[in-house]
Every structure is written in structure tokens, then in C-alpha cells.
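Peer 1: For reference, the structure I am asking about is given below.
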Amino acid sequence: PPGAFDEVVDGCEYVIHLASPYTSNVKDPVNDLIKPAVQGSTRVLESCARPHAAEKIKRVVLTSSMAAITDEPQEGHVFTEDDWNTKSTLTRNPYYKSKADAEKAAVAFMEEKKPPFDLVVINPFMVSGPSLSKAINTTVESLVLGVVKGGFPGVVDLHLGWVDVRDVAAAHIAAMTKGQSGRYICAGDNVPFSEVVDYLKELGYTKENGYKTPGMNLSGGLSTNLIKLASYIPFAMPPDAATLMRLQLGRSIVYDNSKIKKGLGISFRPWKETIADTLNDCAEWGHVAPPPSQKS
């Protein structure tokens, strides 16, 4: 509701608005995704823009997403902070639409109200890494744990842009005092799914050790086309997964992360370090058994 963040931001010099709902296959995307995301961003800015608060606040940092930049690769195009996702709808990647709408609403607020503070937006890609609590995010659950627990029947032609949660945190901290207002793509390596699977096996997450890491190669052109065709069959796969298959399989996104490196001084951990630390953390929290070689 209006005023919900008034007391929280009073006396602050820097405010970070970190999250909005991320739920797959929602039945009511407007109320479950769009409204909470948009209203969350605008309510924070409204609270910050009150004269009593605004006289002290220097900057607001907003966590957006690569989803606000695009929901699919584009051949021959390098995505930058100048790109906006205009393709997502309530039926096509509604979560992506929620992130784009929320960021646009925040930018519109700044342009219309012209508060004395500025706005910096961080746009992370697939966030994984060790957690401070037992809770696991969607990326880790589906694209790390899901891989070793049988979530993928085979190795598909998919490319993933990884970023370590510790690097995302560092970007938010740096964004409070460094760089100019505006957006920053926060993404490290873009990695073929096949390389991720191979590395998981190197770590010991193999079928021989009791895991369900995929082995069948489904990355060829024929397999890719058949999976895309299957995505149109009702109930063949969850709606959001079907959309992902149609838009991402057989394509590789290219993005430019030089702005965040230069402007905020961020360097990204190697993706293998992130994957290994993610699984070690998941084992410590009891989400997956460690491979025999790692058991003490």
C-alpha cells in the first residue's frame, strides 16, 4: 500500500530495492507478477521522494533483470543497456514482462517527478551461488539442482548466461556510490548447457554415483526442432518451459557487460567456480547429497 516504505527509508542516504515475485506458470500473471513488481518499485520511489526523506537520500538502486532487456536471443545482435524487452506479454514470459514493466515504471517516475536523488538499475542474468539461508532460488532449483535430479531428459542446445550472487551483491554495493545513473547488465559467462553438464559430471554428479544428470545428446538440429514442436502440444511441458524451449533452443544470446566492469569496477567469477560453490552450498543445506569423493 502507499506509504508502506516511508518509515524504512527515512534517514537513509542509499536505498536498494532488491526483489519482486518470481513464480513460474502462474494462473493470474497480473496479480501474481505484474502488479507486485510495478507497485513495489513505484511505492519505494514514492516513499523516497517525500521531502523529508528526499533531502537526505542520494541514490536508489533497483534490482531489475536481463529479462527487462530481452526474452530471446537475436541473431547478429549484441544486447546492451540500450535494449528493452518489448516482446513479453501476459502469455509469453509474464515474469519477463513484470521485470520490464517495473523498470519502465521506475524510469517514468524519475522522469516525471524529478526527485533530487538518482536511480541506478542492476540487470542480472541467471543468478546462482551460495545462499545465506536454506531457501533456493528458481535458477538454482531448475538449472543446477534440476540438472542432477533428472529435470532434463537429455543435453539440449541451450546457452545460459551465468552470474554469481556474490558478484550481483558487489554490483549493488558499488552502485550506491560509483558510476552514473542508468542501467548495468550484470552477467558473466554465456555457457553452452553441454559444458555445464560435462562439468557437473567432472564434479562427480554422474549416474554411476546415483544422480540423474542427463547423458543423451539432444542438441542436434533434428532433436532441437522436435523439442520445439513438442512445446506446442498442450500439457507436454509446463507453459513457461514450453516458451523457453521455443525461444532459446538452438540460439545463443550475446551481450556486452563492459559498462558494469568499467563504471562499477565489477569483475565476474568464472562460471565453474559459481557452479561448484552452488552445489557445495546445496549439499550443506541438505538439498542434494554430495558426490562420494566429497563426503567426509
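Residue names in the C-alpha cells use chain letters A, B, ... in the order shown, residue numbers from 1 in each chain, and ligand numbers from 1 in the order shown.
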Report the residues of stretch 110-142 of chain A whose backbone DSSP state falls under strand (DSSP E or B), written as a PyMOL selection string.

Peer 2: chain A and resi 118-124+126-128

Peer 1: Produce a file of the selected residues containing N, CA, C and O atoms, as a PDB file, in the first residue's frame.

Peer 2:
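So the final result, stored in out.pdb, reads:
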ATOM      1  N   ASP A 118      19.230  10.135  -7.635  1.00  0.00           N
ATOM      2  CA  ASP A 118      19.219   9.466  -8.939  1.00  0.00           C
ATOM      3  C   ASP A 118      18.944   7.972  -8.776  1.00  0.00           C
ATOM      4  O   ASP A 118      18.859   7.453  -7.658  1.00  0.00           O
ATOM      5  N   LEU A 119      18.784   7.301  -9.906  1.00  0.00           N
ATOM      6  CA  LEU A 119      18.395   5.891  -9.932  1.00  0.00           C
ATOM      7  C   LEU A 119      19.417   5.094 -10.720  1.00  0.00           C
ATOM      8  O   LEU A 119      19.762   5.441 -11.855  1.00  0.00           O
ATOM      9  N   VAL A 120      19.898   4.008 -10.111  1.00  0.00           N
ATOM     10  CA  VAL A 120      20.784   3.070 -10.796  1.00  0.00           C
ATOM     11  C   VAL A 120      20.074   1.717 -10.823  1.00  0.00           C
ATOM     12  O   VAL A 120      19.505   1.284  -9.813  1.00  0.00           O
ATOM     13  N   VAL A 121      20.116   1.064 -11.975  1.00  0.00           N
ATOM     14  CA  VAL A 121      19.418  -0.217 -12.152  1.00  0.00           C
ATOM     15  C   VAL A 121      20.438  -1.301 -12.479  1.00  0.00           C
ATOM     16  O   VAL A 121      21.269  -1.140 -13.375  1.00  0.00           O
ATOM     17  N   ILE A 122      20.361  -2.413 -11.741  1.00  0.00           N
ATOM     18  CA  ILE A 122      21.220  -3.571 -11.994  1.00  0.00           C
ATOM     19  C   ILE A 122      20.378  -4.640 -12.679  1.00  0.00           C
ATOM     20  O   ILE A 122      19.299  -4.995 -12.198  1.00  0.00           O
ATOM     21  N   ASN A 123      20.875  -5.149 -13.807  1.00  0.00           N
ATOM     22  CA  ASN A 123      20.138  -6.136 -14.615  1.00  0.00           C
ATOM     23  C   ASN A 123      20.889  -7.461 -14.654  1.00  0.00           C
ATOM     24  O   ASN A 123      21.640  -7.740 -15.597  1.00  0.00           O
ATOM     25  N   PRO A 124      20.702  -8.320 -13.648  1.00  0.00           N
ATOM     26  CA  PRO A 124      21.413  -9.605 -13.618  1.00  0.00           C
ATOM     27  C   PRO A 124      20.801 -10.616 -14.581  1.00  0.00           C
ATOM     28  O   PRO A 124      19.615 -10.553 -14.929  1.00  0.00           O
ATOM     29  N   MET A 126      21.228 -15.091 -15.093  1.00  0.00           N
ATOM     30  CA  MET A 126      20.846 -16.254 -14.284  1.00  0.00           C
ATOM     31  C   MET A 126      21.673 -16.275 -13.003  1.00  0.00           C
ATOM     32  O   MET A 126      22.854 -16.617 -13.027  1.00  0.00           O
ATOM     33  N   VAL A 127      21.052 -15.918 -11.887  1.00  0.00           N
ATOM     34  CA  VAL A 127      21.783 -15.769 -10.626  1.00  0.00           C
ATOM     35  C   VAL A 127      21.847 -17.099  -9.878  1.00  0.00           C
ATOM     36  O   VAL A 127      20.826 -17.739  -9.622  1.00  0.00           O
ATOM     37  N   SER A 128      23.054 -17.487  -9.534  1.00  0.00           N
ATOM     38  CA  SER A 128      23.241 -18.680  -8.705  1.00  0.00           C
ATOM     39  C   SER A 128      24.433 -18.418  -7.783  1.00  0.00           C
ATOM     40  O   SER A 128      25.028 -17.353  -7.806  1.00  0.00           O
TER      41      SER A 128
END

Peer 1: Using only C-alpha atoms, which protein or nucleic acid residues come within 7 Å of A:Gly204? Drop anything in the same chain fewer than 3 positions from it, and give the result as number ranges by chain.

Peer 2: A: 200-201, 291

Peer 1: Could you save those same residues with N, CA, C and O atoms as a CSV table (one decimal), in the first residue's frame?

Peer 2:
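As a result, selection-v1.csv now contains:
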chain,number,residue,atom,x,y,z
A,200,LEU,N,29.4,-30.8,-14.4
A,200,LEU,CA,28.7,-31.4,-13.2
A,200,LEU,C,29.2,-32.9,-13.1
A,200,LEU,O,29.4,-33.4,-12.0
A,201,LYS,N,29.4,-33.5,-14.2
A,201,LYS,CA,29.9,-34.9,-14.2
A,201,LYS,C,31.4,-34.9,-13.7
A,201,LYS,O,31.8,-35.9,-12.9
A,291,PRO,N,28.7,-35.8,-3.9
A,291,PRO,CA,29.3,-37.0,-4.5
A,291,PRO,C,30.2,-37.7,-3.5
A,291,PRO,O,30.7,-37.1,-2.6

Peer 1: Could you name the residues that touch A:Val61 at 12 Å or less, counting only C-alpha atoms, but leaving out those on the same chain fewer than 6 positions away, as a ChimeraX atom specification?

Peer 2: /A:13-19,41,44-45,48,103,106-107,117-123,169,171-184

Peer 1: Rank A:Gln294, A:Arg92, A:Val288, A:Met216 by their smallest atom-to-atom distance to A:Ala242, using only C-alpha atoms, and report the top residue only.

Peer 2: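 Under the stated criterion, the closest residue is A:Arg92.
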
Peer 1: From the DSSP assignment of the backbone, select every residue of stretch 11-212 of chain A that is helix (DSSP H, G or I), and format the answer as a CSV table (one decimal) with N, CA, C and O atoms, in the first residue's frame.

Peer 2:
chain,number,residue,atom,x,y,z
A,29,PRO,N,-1.2,-13.8,-13.9
A,29,PRO,CA,0.1,-13.1,-14.0
A,29,PRO,C,-0.1,-11.6,-13.6
A,29,PRO,O,0.9,-11.0,-13.1
A,30,VAL,N,-1.2,-11.0,-13.8
A,30,VAL,CA,-1.4,-9.6,-13.5
A,30,VAL,C,-1.3,-9.4,-12.0
A,30,VAL,O,-0.5,-8.6,-11.5
A,31,ASN,N,-2.0,-10.2,-11.2
A,31,ASN,CA,-2.0,-10.1,-9.7
A,31,ASN,C,-0.8,-10.7,-9.1
A,31,ASN,O,-0.4,-10.3,-8.0
A,32,ASP,N,-0.3,-11.8,-9.7
A,32,ASP,CA,0.8,-12.6,-9.1
A,32,ASP,C,2.2,-12.0,-9.4
A,32,ASP,O,3.1,-12.2,-8.7
A,33,LEU,N,2.3,-11.3,-10.6
A,33,LEU,CA,3.6,-10.9,-11.1
A,33,LEU,C,3.6,-9.4,-11.4
A,33,LEU,O,4.5,-8.7,-10.8
A,34,ILE,N,2.8,-8.9,-12.3
A,34,ILE,CA,2.9,-7.6,-12.8
A,34,ILE,C,2.6,-6.5,-11.7
A,34,ILE,O,3.5,-5.6,-11.5
A,35,LYS,N,1.5,-6.6,-11.1
A,35,LYS,CA,1.2,-5.6,-10.1
A,35,LYS,C,2.2,-5.5,-8.9
A,35,LYS,O,2.6,-4.4,-8.5
A,36,PRO,N,2.5,-6.7,-8.3
A,36,PRO,CA,3.5,-6.6,-7.2
A,36,PRO,C,4.9,-6.0,-7.7
A,36,PRO,O,5.5,-5.2,-6.9
A,37,ALA,N,5.3,-6.3,-8.9
A,37,ALA,CA,6.6,-5.8,-9.4
A,37,ALA,C,6.5,-4.3,-9.6
A,37,ALA,O,7.4,-3.6,-9.2
A,38,VAL,N,5.5,-3.9,-10.4
A,38,VAL,CA,5.4,-2.4,-10.7
A,38,VAL,C,5.1,-1.6,-9.4
A,38,VAL,O,5.8,-0.6,-9.2
A,39,GLN,N,4.1,-2.0,-8.6
A,39,GLN,CA,3.8,-1.3,-7.4
A,39,GLN,C,4.9,-1.3,-6.4
A,39,GLN,O,5.2,-0.3,-5.7
A,40,GLY,N,5.7,-2.4,-6.3
A,40,GLY,CA,6.8,-2.5,-5.4
A,40,GLY,C,7.8,-1.4,-5.8
A,40,GLY,O,8.3,-0.7,-4.9
A,41,SER,N,8.2,-1.3,-7.1
A,41,SER,CA,9.1,-0.3,-7.5
A,41,SER,C,8.7,1.2,-7.3
A,41,SER,O,9.4,2.0,-6.8
A,42,THR,N,7.4,1.4,-7.7
A,42,THR,CA,6.9,2.8,-7.6
A,42,THR,C,6.7,3.2,-6.1
A,42,THR,O,6.9,4.4,-5.7
A,43,ARG,N,6.2,2.3,-5.3
A,43,ARG,CA,6.0,2.6,-3.9
A,43,ARG,C,7.3,3.0,-3.2
A,43,ARG,O,7.3,3.9,-2.3
A,44,VAL,N,8.4,2.2,-3.5
A,44,VAL,CA,9.7,2.6,-2.9
A,44,VAL,C,10.1,4.0,-3.3
A,44,VAL,O,10.5,4.8,-2.4
A,45,LEU,N,9.9,4.3,-4.6
A,45,LEU,CA,10.3,5.6,-5.1
A,45,LEU,C,9.4,6.7,-4.5
A,45,LEU,O,9.9,7.8,-4.2
A,46,GLU,N,8.2,6.4,-4.3
A,46,GLU,CA,7.3,7.4,-3.7
A,46,GLU,C,7.7,7.7,-2.3
A,46,GLU,O,7.7,8.9,-1.9
A,47,SER,N,8.0,6.7,-1.5
A,47,SER,CA,8.5,6.9,-0.2
A,47,SER,C,9.8,7.7,-0.1
A,47,SER,O,10.0,8.6,0.7
A,48,CYS,N,10.7,7.4,-1.1
A,48,CYS,CA,12.0,8.1,-1.1
A,48,CYS,C,11.8,9.6,-1.5
A,48,CYS,O,12.6,10.4,-1.2
A,49,ALA,N,10.8,9.8,-2.4
A,49,ALA,CA,10.6,11.2,-2.9
A,49,ALA,C,9.9,12.2,-2.0
A,49,ALA,O,9.8,13.3,-2.3
A,51,PRO,N,9.5,14.9,0.7
A,51,PRO,CA,10.5,15.9,1.0
A,51,PRO,C,11.4,15.5,2.2
A,51,PRO,O,12.6,15.8,2.2
A,52,HIS,N,10.8,15.0,3.3
A,52,HIS,CA,11.5,14.7,4.5
A,52,HIS,C,12.6,13.6,4.2
A,52,HIS,O,13.7,13.7,4.7
A,53,ALA,N,12.3,12.6,3.3
A,53,ALA,CA,13.3,11.6,3.0
A,53,ALA,C,14.2,12.0,1.9
A,53,ALA,O,15.4,11.7,2.0
A,54,ALA,N,13.7,12.7,0.9
A,54,ALA,CA,14.5,13.0,-0.3
A,54,ALA,C,15.6,14.0,0.0
A,54,ALA,O,16.6,14.0,-0.7
A,66,MET,N,18.0,-9.2,-16.6
A,66,MET,CA,18.2,-9.3,-18.0
A,66,MET,C,16.9,-9.5,-18.8
A,66,MET,O,16.7,-9.1,-19.9
A,67,ALA,N,15.9,-9.9,-18.0
A,67,ALA,CA,14.5,-10.1,-18.6
A,67,ALA,C,13.9,-8.8,-19.0
A,67,ALA,O,13.1,-8.8,-19.9
A,68,ALA,N,14.4,-7.7,-18.5
A,68,ALA,CA,13.9,-6.4,-18.9
A,68,ALA,C,14.5,-5.9,-20.2
A,68,ALA,O,14.1,-4.9,-20.8
A,94,PRO,N,5.5,-14.0,-18.8
A,94,PRO,CA,4.9,-13.0,-18.0
A,94,PRO,C,5.9,-12.4,-16.9
A,94,PRO,O,5.8,-11.3,-16.6
A,95,TYR,N,6.7,-13.3,-16.4
A,95,TYR,CA,7.7,-12.8,-15.5
A,95,TYR,C,8.6,-11.8,-16.1
A,95,TYR,O,8.9,-10.7,-15.5
A,96,TYR,N,9.1,-12.1,-17.3
A,96,TYR,CA,9.9,-11.1,-18.1
A,96,TYR,C,9.2,-9.8,-18.2
A,96,TYR,O,9.8,-8.7,-18.1
A,97,LYS,N,7.9,-9.9,-18.6
A,97,LYS,CA,7.1,-8.7,-18.7
A,97,LYS,C,7.0,-7.9,-17.4
A,97,LYS,O,7.2,-6.7,-17.4
A,98,SER,N,6.9,-8.6,-16.3
A,98,SER,CA,6.8,-7.9,-15.0
A,98,SER,C,8.1,-7.1,-14.7
A,98,SER,O,8.0,-6.0,-14.2
A,99,LYS,N,9.2,-7.7,-15.0
A,99,LYS,CA,10.5,-7.0,-14.8
A,99,LYS,C,10.7,-5.8,-15.7
A,99,LYS,O,11.1,-4.7,-15.2
A,100,ALA,N,10.3,-5.9,-17.0
A,100,ALA,CA,10.4,-4.8,-17.9
A,100,ALA,C,9.4,-3.7,-17.5
A,100,ALA,O,9.8,-2.5,-17.4
A,101,ASP,N,8.2,-4.1,-17.1
A,101,ASP,CA,7.2,-3.1,-16.7
A,101,ASP,C,7.6,-2.4,-15.4
A,101,ASP,O,7.4,-1.1,-15.3
A,102,ALA,N,8.2,-3.1,-14.5
A,102,ALA,CA,8.6,-2.5,-13.2
A,102,ALA,C,9.7,-1.5,-13.4
A,102,ALA,O,9.7,-0.4,-12.8
A,103,GLU,N,10.7,-1.9,-14.3
A,103,GLU,CA,11.8,-1.0,-14.5
A,103,GLU,C,11.3,0.3,-15.3
A,103,GLU,O,11.7,1.4,-15.0
A,104,LYS,N,10.5,0.1,-16.3
A,104,LYS,CA,9.9,1.2,-17.0
A,104,LYS,C,9.1,2.1,-16.1
A,104,LYS,O,9.2,3.4,-16.3
A,105,ALA,N,8.4,1.6,-15.2
A,105,ALA,CA,7.6,2.4,-14.3
A,105,ALA,C,8.6,3.2,-13.4
A,105,ALA,O,8.3,4.4,-13.1
A,106,ALA,N,9.7,2.6,-13.0
A,106,ALA,CA,10.6,3.4,-12.1
A,106,ALA,C,11.3,4.5,-12.9
A,106,ALA,O,11.4,5.6,-12.4
A,107,VAL,N,11.6,4.2,-14.2
A,107,VAL,CA,12.2,5.3,-15.0
A,107,VAL,C,11.2,6.4,-15.3
A,107,VAL,O,11.6,7.6,-15.2
A,108,ALA,N,10.0,6.0,-15.5
A,108,ALA,CA,8.9,7.0,-15.8
A,108,ALA,C,8.7,7.9,-14.5
A,108,ALA,O,8.5,9.1,-14.6
A,109,PHE,N,8.8,7.3,-13.4
A,109,PHE,CA,8.6,8.0,-12.1
A,109,PHE,C,9.7,9.1,-12.0
A,109,PHE,O,9.5,10.2,-11.7
A,110,MET,N,11.0,8.7,-12.3
A,110,MET,CA,12.1,9.6,-12.2
A,110,MET,C,12.0,10.7,-13.1
A,110,MET,O,12.3,11.9,-12.8
A,111,GLU,N,11.5,10.4,-14.4
A,111,GLU,CA,11.4,11.5,-15.4
A,111,GLU,C,10.3,12.4,-15.1
A,111,GLU,O,10.4,13.6,-15.3
A,112,GLU,N,9.2,11.9,-14.5
A,112,GLU,CA,8.0,12.8,-14.2
A,112,GLU,C,8.2,13.6,-12.9
A,112,GLU,O,7.9,14.8,-12.9
A,113,LYS,N,8.6,12.9,-11.8
A,113,LYS,CA,8.7,13.6,-10.5
A,113,LYS,C,10.0,14.3,-10.3
A,113,LYS,O,10.0,15.2,-9.5
A,138,THR,N,14.9,-19.8,-8.1
A,138,THR,CA,14.4,-20.6,-9.2
A,138,THR,C,15.5,-21.1,-10.2
A,138,THR,O,15.5,-22.2,-10.7
A,139,THR,N,16.5,-20.2,-10.4
A,139,THR,CA,17.7,-20.6,-11.2
A,139,THR,C,18.4,-21.8,-10.7
A,139,THR,O,18.6,-22.8,-11.4
A,140,VAL,N,18.7,-21.8,-9.4
A,140,VAL,CA,19.4,-22.9,-8.8
A,140,VAL,C,18.5,-24.2,-8.8
A,140,VAL,O,19.0,-25.3,-9.1
A,141,GLU,N,17.3,-24.0,-8.5
A,141,GLU,CA,16.4,-25.2,-8.4
A,141,GLU,C,16.2,-25.8,-9.7
A,141,GLU,O,16.2,-27.1,-9.9
A,142,SER,N,16.1,-25.0,-10.8
A,142,SER,CA,15.8,-25.6,-12.1
A,142,SER,C,17.0,-25.9,-13.0
A,142,SER,O,17.1,-26.9,-13.7
A,143,LEU,N,18.0,-25.1,-12.9
A,143,LEU,CA,19.2,-25.2,-13.8
A,143,LEU,C,20.5,-25.7,-13.2
A,143,LEU,O,21.4,-25.8,-13.9
A,144,VAL,N,20.4,-25.9,-11.9
A,144,VAL,CA,21.6,-26.6,-11.2
A,144,VAL,C,21.1,-27.9,-10.6
A,144,VAL,O,21.4,-29.0,-11.0
A,145,LEU,N,20.3,-27.8,-9.5
A,145,LEU,CA,19.8,-29.0,-8.9
A,145,LEU,C,18.9,-29.8,-9.9
A,145,LEU,O,19.0,-31.0,-9.9
A,146,GLY,N,18.1,-29.1,-10.7
A,146,GLY,CA,17.3,-29.8,-11.7
A,146,GLY,C,18.0,-30.6,-12.6
A,146,GLY,O,17.6,-31.7,-13.1
A,147,VAL,N,19.3,-30.2,-13.0
A,147,VAL,CA,20.1,-31.0,-13.9
A,147,VAL,C,20.5,-32.3,-13.3
A,147,VAL,O,20.5,-33.3,-13.9
A,148,VAL,N,20.9,-32.3,-12.0
A,148,VAL,CA,21.4,-33.5,-11.4
A,148,VAL,C,20.3,-34.4,-10.8
A,148,VAL,O,20.5,-35.5,-10.4
A,165,VAL,N,25.9,-14.8,-7.4
A,165,VAL,CA,25.1,-13.9,-6.5
A,165,VAL,C,26.0,-13.0,-5.7
A,165,VAL,O,25.7,-11.9,-5.4
A,166,ARG,N,27.3,-13.4,-5.4
A,166,ARG,CA,28.2,-12.6,-4.7
A,166,ARG,C,28.7,-11.4,-5.6
A,166,ARG,O,28.9,-10.3,-5.1
A,167,ASP,N,28.7,-11.7,-6.9
A,167,ASP,CA,29.1,-10.6,-7.8
A,167,ASP,C,27.9,-9.6,-8.0
A,167,ASP,O,28.1,-8.4,-8.1
A,168,VAL,N,26.7,-10.2,-7.9
A,168,VAL,CA,25.5,-9.3,-8.0
A,168,VAL,C,25.4,-8.4,-6.8
A,168,VAL,O,25.1,-7.2,-6.8
A,169,ALA,N,25.7,-9.0,-5.6
A,169,ALA,CA,25.8,-8.2,-4.4
A,169,ALA,C,26.8,-7.1,-4.4
A,169,ALA,O,26.5,-6.0,-4.0
A,170,ALA,N,28.0,-7.5,-4.9
A,170,ALA,CA,29.0,-6.5,-5.1
A,170,ALA,C,28.6,-5.3,-6.0
A,170,ALA,O,29.0,-4.2,-5.8
A,171,ALA,N,27.9,-5.7,-7.1
A,171,ALA,CA,27.4,-4.7,-8.0
A,171,ALA,C,26.4,-3.7,-7.3
A,171,ALA,O,26.5,-2.5,-7.6
A,172,HIS,N,25.6,-4.2,-6.5
A,172,HIS,CA,24.6,-3.3,-5.8
A,172,HIS,C,25.4,-2.4,-4.8
A,172,HIS,O,25.0,-1.2,-4.7
A,173,ILE,N,26.3,-2.9,-4.1
A,173,ILE,CA,27.1,-2.1,-3.2
A,173,ILE,C,27.9,-1.0,-3.9
A,173,ILE,O,27.9,0.1,-3.5
A,174,ALA,N,28.5,-1.4,-5.0
A,174,ALA,CA,29.3,-0.4,-5.8
A,174,ALA,C,28.3,0.6,-6.4
A,174,ALA,O,28.7,1.8,-6.5
A,175,ALA,N,27.1,0.2,-6.8
A,175,ALA,CA,26.2,1.1,-7.5
A,175,ALA,C,25.7,2.2,-6.5
A,175,ALA,O,25.2,3.2,-7.0
A,176,MET,N,25.8,2.0,-5.2
A,176,MET,CA,25.4,3.1,-4.3
A,176,MET,C,26.3,4.3,-4.4
A,176,MET,O,25.8,5.4,-4.3
A,177,THR,N,27.5,4.1,-4.7
A,177,THR,CA,28.4,5.3,-4.7
A,177,THR,C,29.2,5.5,-6.0
A,177,THR,O,29.9,6.6,-6.2
A,193,PHE,N,24.9,-25.3,-22.5
A,193,PHE,CA,24.4,-26.3,-21.5
A,193,PHE,C,25.2,-27.6,-21.4
A,193,PHE,O,25.4,-28.2,-20.4
A,194,SER,N,25.7,-28.0,-22.6
A,194,SER,CA,26.5,-29.2,-22.7
A,194,SER,C,27.8,-29.1,-21.8
A,194,SER,O,28.2,-30.0,-21.2
A,195,GLU,N,28.4,-27.9,-21.8
A,195,GLU,CA,29.6,-27.7,-20.9
A,195,GLU,C,29.2,-27.7,-19.4
A,195,GLU,O,30.0,-28.2,-18.6
A,196,VAL,N,28.0,-27.2,-19.1
A,196,VAL,CA,27.6,-27.2,-17.7
A,196,VAL,C,27.4,-28.7,-17.3
A,196,VAL,O,27.9,-29.1,-16.2
A,197,VAL,N,26.8,-29.5,-18.1
A,197,VAL,CA,26.5,-30.9,-17.8
A,197,VAL,C,27.9,-31.6,-17.7
A,197,VAL,O,28.1,-32.4,-16.7
A,198,ASP,N,28.8,-31.4,-18.6
A,198,ASP,CA,30.1,-32.0,-18.5
A,198,ASP,C,30.8,-31.7,-17.2
A,198,ASP,O,31.5,-32.6,-16.6
A,199,TYR,N,30.7,-30.4,-16.8
A,199,TYR,CA,31.4,-30.0,-15.6
A,199,TYR,C,30.7,-30.7,-14.4
A,199,TYR,O,31.4,-31.1,-13.4
A,200,LEU,N,29.4,-30.8,-14.4
A,200,LEU,CA,28.7,-31.4,-13.2
A,200,LEU,C,29.2,-32.9,-13.1
A,200,LEU,O,29.4,-33.4,-12.0
A,201,LYS,N,29.4,-33.5,-14.2
A,201,LYS,CA,29.9,-34.9,-14.2
A,201,LYS,C,31.4,-34.9,-13.7
A,201,LYS,O,31.8,-35.9,-12.9
A,202,GLU,N,32.2,-33.9,-14.0
A,202,GLU,CA,33.6,-33.8,-13.5
A,202,GLU,C,33.5,-33.7,-12.0
A,202,GLU,O,34.4,-34.2,-11.3
A,207,LYS,N,25.6,-40.6,-13.2
A,207,LYS,CA,24.6,-41.7,-13.0
A,207,LYS,C,25.2,-42.8,-12.2
A,207,LYS,O,24.5,-43.4,-11.4
A,208,GLU,N,26.5,-43.0,-12.3
A,208,GLU,CA,27.2,-44.1,-11.6
A,208,GLU,C,27.2,-43.8,-10.1
A,208,GLU,O,27.2,-44.7,-9.3
A,209,ASN,N,27.1,-42.5,-9.7
A,209,ASN,CA,27.1,-42.1,-8.3
A,209,ASN,C,25.6,-41.9,-7.8
A,209,ASN,O,25.4,-41.3,-6.7

Peer 1: From the list A:Ser293, A:Asn225, A:Glu7, A:Ile69, which residue is nearest A:Thr206 when using only C-alpha atoms?

Peer 2: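 Among the listed residues, A:Ser293 lies closest to A:Thr206.
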
Peer 1: Just the residues within 8 Å of A:Ile227, please, counting only C-alpha atoms, with nothing from its chain fewer than 4 positions along; format it as JSON, numbers by chain.

Peer 2: {"A": [223, 231, 245]}

Peer 1: For all heavy atoms, I'd like the residues from the last selection saved as a PDB file, in the first residue's frame.

Peer 2:
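Dumped everything to part_3.pdb:
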ATOM      1  N   SER A 223      16.781 -32.955 -33.133  1.00  0.00           N
ATOM      2  CA  SER A 223      16.269 -33.021 -31.761  1.00  0.00           C
ATOM      3  C   SER A 223      15.721 -31.674 -31.314  1.00  0.00           C
ATOM      4  O   SER A 223      14.657 -31.582 -30.686  1.00  0.00           O
ATOM      5  CB  SER A 223      17.374 -33.469 -30.801  1.00  0.00           C
ATOM      6  OG  SER A 223      17.813 -34.772 -31.097  1.00  0.00           O
ATOM      7  N   SER A 231       6.779 -28.516 -27.781  1.00  0.00           N
ATOM      8  CA  SER A 231       6.400 -27.434 -26.873  1.00  0.00           C
ATOM      9  C   SER A 231       5.025 -26.856 -27.203  1.00  0.00           C
ATOM     10  O   SER A 231       4.422 -26.168 -26.361  1.00  0.00           O
ATOM     11  CB  SER A 231       7.454 -26.317 -26.912  1.00  0.00           C
ATOM     12  OG  SER A 231       7.399 -25.592 -28.135  1.00  0.00           O
ATOM     13  N   MET A 245      11.741 -23.236 -24.390  1.00  0.00           N
ATOM     14  CA  MET A 245      12.225 -24.117 -25.447  1.00  0.00           C
ATOM     15  C   MET A 245      12.064 -23.471 -26.820  1.00  0.00           C
ATOM     16  O   MET A 245      12.970 -23.511 -27.657  1.00  0.00           O
ATOM     17  CB  MET A 245      11.469 -25.447 -25.405  1.00  0.00           C
ATOM     18  CG  MET A 245      11.717 -26.295 -24.172  1.00  0.00           C
ATOM     19  SD  MET A 245      13.430 -26.830 -23.958  1.00  0.00           S
ATOM     20  CE  MET A 245      13.970 -25.752 -22.630  1.00  0.00           C
TER      21      MET A 245
END

Peer 1: Need to verify the contact set: A:Ile185, 10 Å, only C-alpha atoms, exclusion of same-chain residues closer than 3 positions in sequence. Can you return it as a count of residues only?

Peer 2: 20

Peer 1: Could you tell me how far atom CA of A:Glu75 sits from atom CA of A:Lys228, in Å to one decimal place?

Peer 2: 18.0 Å

Peer 1: Of the candidates A:Ser267, A:Val156, A:Val191, A:Lys212, which shows the shortest atom-to-atom distance to A:Leu226, using only C-alpha atoms?

Peer 2: A:Val156

Peer 1: Provide the atom CA of A:Gly215 to atom CA of A:Ala289 distance in Å, to one decimal place.

Peer 2: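 Answer for the atom CA of A:Gly215 to atom CA of A:Ala289 separation: 19.7 Å.
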